[in-house]
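S.K.: Provided herewith is a single structure, encoded as structure tokens, for subsequent inquiry.
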Amino acid sequence: MDTPTGGPFGLVSQRLGPLPVINHFLDRIGLDAALGRWLPEPDRRFKLTPAAAIRLLVVNLLVGRAPLYGLGEWAAAYAPGLLGLAGPDTAWLNDDRVGRALIALFDADRASLLTDLIVGVVGEFGIDTAEMHNDSTSVSVHGQYRDADGTPRRGKPTPAVTFGHSKDHRPDLKQLVWILTVSADGSVPMAYRLADGNTSDDPTHIPTWDGLVRVLGRRDFLYVADSKLCSGQALRHIDGQGGRFVTVLPRTRGEDKWFRDWIQTNQPQWTEAIRLPGKRIGDLDRVWSTFPSPLPSTEGYRVIWVHSTIKAARDEHARRGRIEAGTAAIDELATRLAGPKTRLKTRAAIEQAITKALADTGSTRWLQVAIDESIQEGFRQEKRGRPSADTRYRRTTRARHTVGWRSRDDAIAYDAAGDGCFPLITNDRQLTDKEVLAAYRYQPNLERRHHLLKSVQNADPIWLRDPARIEAIFCCQFLALLVGALIERQIRTAMKAAATNDIPLYPELRACPTPSAERIFAVFADLTRHELHRAGDLVQTFEAQLTPLQQQILDLLGVPATAYNRN
């Protein structure tokens with residue numbers, strides 16, 4: 001908000017941005033009503049109720065991403081009514097008040113609040129809950145977080161910020177584990193959990209599945225996850241409770257080795273399931289084929305083998321690269337051994353160097369290295385001094401080593417037979433092989449939600465040290481992900497219904513076939529309302545003028561244009 005001083009007239013500018021769009025969806029999901037039901041009654045002395053603060057935080061995570069101490073400065077530029085604020089004065093909007101709102105959210109029954117909210121979302125937007133996808137990721141943090149040690153706060157559990165297996169490849173940083181479940185209908189977030197930083201994925205699936213049953217009120221949904229789901233305990237739990245699952249068998253399972261042995265002498269009867277054009281002009285088609293395994297899994301479930309032409313090319317390329325790196329490492333070692341000052345004098349030291357070189361390049365399986373030893377003779381003076389006719393010499397011998405490599409063609413051929421193959425396991429006997437594959441292929445869509453959380457929304461409890469506030473801020477992150485996903489689902493569904501292939505959302509008005517929430521927000525970012533005042537009285541209001549593109553987006557989202565001139 002900008003208010004010039006001096007002169008009889010004053011111009012007040014209030015940014016609108018994408019807030020009317022966001023508020024439309026916040027109203028549809030009933031966030032205010034849910035927060036009002038489950039958050040504690042505020043003290044009437046509070047200038048900012050906990051519900052208003054949480055709503056403002058969700059909006060900020062979607063479009064502002066300002067730290068808590070900068071919320072007041074960020075909010076000052078916007079029309080206060082769009083932020084749910086009573087007036088233009090935002091000086092009292094500070095991190096202390098917002099922090100107390102986060103504590104109120106932590107103390108509330110968040111499980112019931114989110115269940116209430118998700119049930120309403122499913123009904124309001126008609127979300128198909130027949131298929132759920134689950135995955136976890138690590139959220140790295142900077143700092144010690146000594147208080148976040150997993151100790152319960154006011155009788156409620158809190159996650160421990162600690163070291164663990166970093167999926168961000170930052171083992172030097174402490175972390176939290178974020179577990180998210182989305183629907184196959186638009187990748188809409190349905191549930192989340194925040195776990196200790198050293199939590200492994202294996203034991204998380206049973207409580208996650210049980211929580212989904214409570215939220216969705218059904219057990220027959222198809223639960224899809226990565227290979228960490230493939231433990232006998234988790235699979236039997238879901239199957240025994242009447243649930244359905246699809247996951248991938250890890251390479252460590254005996255069923256995987258059996259099939260790769262079997263295809264050495266047998267030819268699977270692959271059935272083409274999916275064919276897509278190449279990603280670039282001139283690329284070959286991408287083909288996925290299926291083959292039902294002759295044997296079930298150890299637990300007695302269906303195993304379906306899949307062959308992907310993309311994965312086959314990637315497997316071959318990776319193997320060739322490792323072999324080339326291994327041969328280069330052995331050749332470099334041979335050069336070192338040929339030098340006069342090599343430090344590798346013994347056979348044991350050379351064998352250790354070979355083992356390390358092959359292990360570092362990942363080529364141990366495909367290369368065989370031989371060490372040849374020869375004796376090099378020489379003569380040295382028995383005593384120091386200038387040699388003469390009477391100088392006596394002593395014969396010396398020295399062992400010299402050379403190394404050579406050859407490829408293990410049998411191992412290469414064995415692995416090449418299984419290039420592009422991976423096994424899926426399911427307890428659903430009604431789904432066709434193609435349907436099982438299609439369900440698993442939707443799994444990467446979940447990765448985009450993790451990307452939004454960690455990059456766009458920049459999830460990191462920086463400046464927060466209280467574990468209760470950390471838990472609460474991630475609840476707000478989930479709500480922001482939910483709103484963004486619903487906006488994306490709405491516009492893509494409307495485009496499909498209107499037979500609109502794309503919208504010019506990219507720079508230079510380039511076509512965008514799958515609009516994202518960030519691109520939509522960017523289109524509305526500069527919309528501003530101006531008010532002309534004279535002596536403290538409003539003289540005229542200059543409403544924001546919508547472009548044809550903005551109007552088209554509003555129509556597809558079902559947001560009335562009046563949303564930009566009524567607040």
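Ligands are numbered from 1 in the order shown, chains are lettered A, B, ... in the order of the structure tokens, and residues start at 1 in each chain.
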Using only C-alpha atoms, I'd like a table of the residues in range 431-501 of chain A that come within 12 Å of range 303-307 of chain A; for each, show the closest atom pair and its distance in Å rounded to one decimal, ordered by chain and ascending number, as a tab-separated table.
M.R.:
residue	atom	partner	partner_atom	distance
A:Leu431	CA	A:Ile304	CA	11.3
A:Thr432	CA	A:Ile304	CA	9.9
A:Asp433	CA	A:Ile304	CA	6.8
A:Lys434	CA	A:Val306	CA	9.6
A:Glu435	CA	A:Ile304	CA	11.1
A:Val436	CA	A:Ile304	CA	8.4
A:Leu437	CA	A:Val306	CA	7.7
A:Ala438	CA	A:Val306	CA	11.1
A:Tyr440	CA	A:Val306	CA	10.9
A:Arg441	CA	A:Val306	CA	11.1
S.K.: Once you have the residues from the selection above, write them out as a CSV table (one decimal), in the first residue's frame, restricted to N, CA and C atoms.
M.R.:
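Writing done, so here's selection_20.csv:
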chain,number,residue,atom,x,y,z
A,431,LEU,N,-7.5,-56.2,-11.4
A,431,LEU,CA,-6.8,-55.3,-12.3
A,431,LEU,C,-6.1,-56.1,-13.4
A,432,THR,N,-6.1,-55.6,-14.6
A,432,THR,CA,-5.3,-56.1,-15.7
A,432,THR,C,-3.9,-55.7,-15.5
A,433,ASP,N,-3.0,-56.4,-16.2
A,433,ASP,CA,-1.5,-56.0,-16.1
A,433,ASP,C,-1.3,-54.6,-16.5
A,434,LYS,N,-2.0,-54.1,-17.5
A,434,LYS,CA,-1.9,-52.8,-18.0
A,434,LYS,C,-2.4,-51.8,-17.0
A,435,GLU,N,-3.5,-52.1,-16.3
A,435,GLU,CA,-4.0,-51.2,-15.2
A,435,GLU,C,-3.0,-51.1,-14.0
A,436,VAL,N,-2.4,-52.2,-13.7
A,436,VAL,CA,-1.4,-52.2,-12.6
A,436,VAL,C,-0.2,-51.3,-13.0
A,437,LEU,N,0.2,-51.4,-14.2
A,437,LEU,CA,1.3,-50.6,-14.7
A,437,LEU,C,0.9,-49.1,-14.7
A,438,ALA,N,-0.3,-48.8,-15.2
A,438,ALA,CA,-0.7,-47.4,-15.3
A,438,ALA,C,-0.8,-46.8,-13.9
A,440,TYR,N,1.1,-47.6,-11.3
A,440,TYR,CA,2.4,-47.4,-10.8
A,440,TYR,C,3.1,-46.2,-11.6
A,441,ARG,N,2.8,-46.0,-12.8
A,441,ARG,CA,3.4,-45.0,-13.6
A,441,ARG,C,2.9,-43.6,-13.2
S.K.: Could you pull out the residues in range 353-431 of chain A that DSSP calls alpha helix (DSSP H) from the backbone, as a VMD selection string?
M.R.: chain A and resid 353 to 361 409 to 417
S.K.: From the list A:Ile425, A:Val456, A:Ala417, A:Ala359, which residue is nearest Gln267 in chain A when using only C-alpha atoms?
M.R.: A:Ala417
S.K.: If you run DSSP over the backbone, which residues in range 88-335 of chain A end up strand (DSSP E)? Put them as an NGL selection string.
M.R.: :A and (131-141 or 174-183 or 189-195 or 222-224 or 244-248 or 271-276 or 286-292 or 302-308)
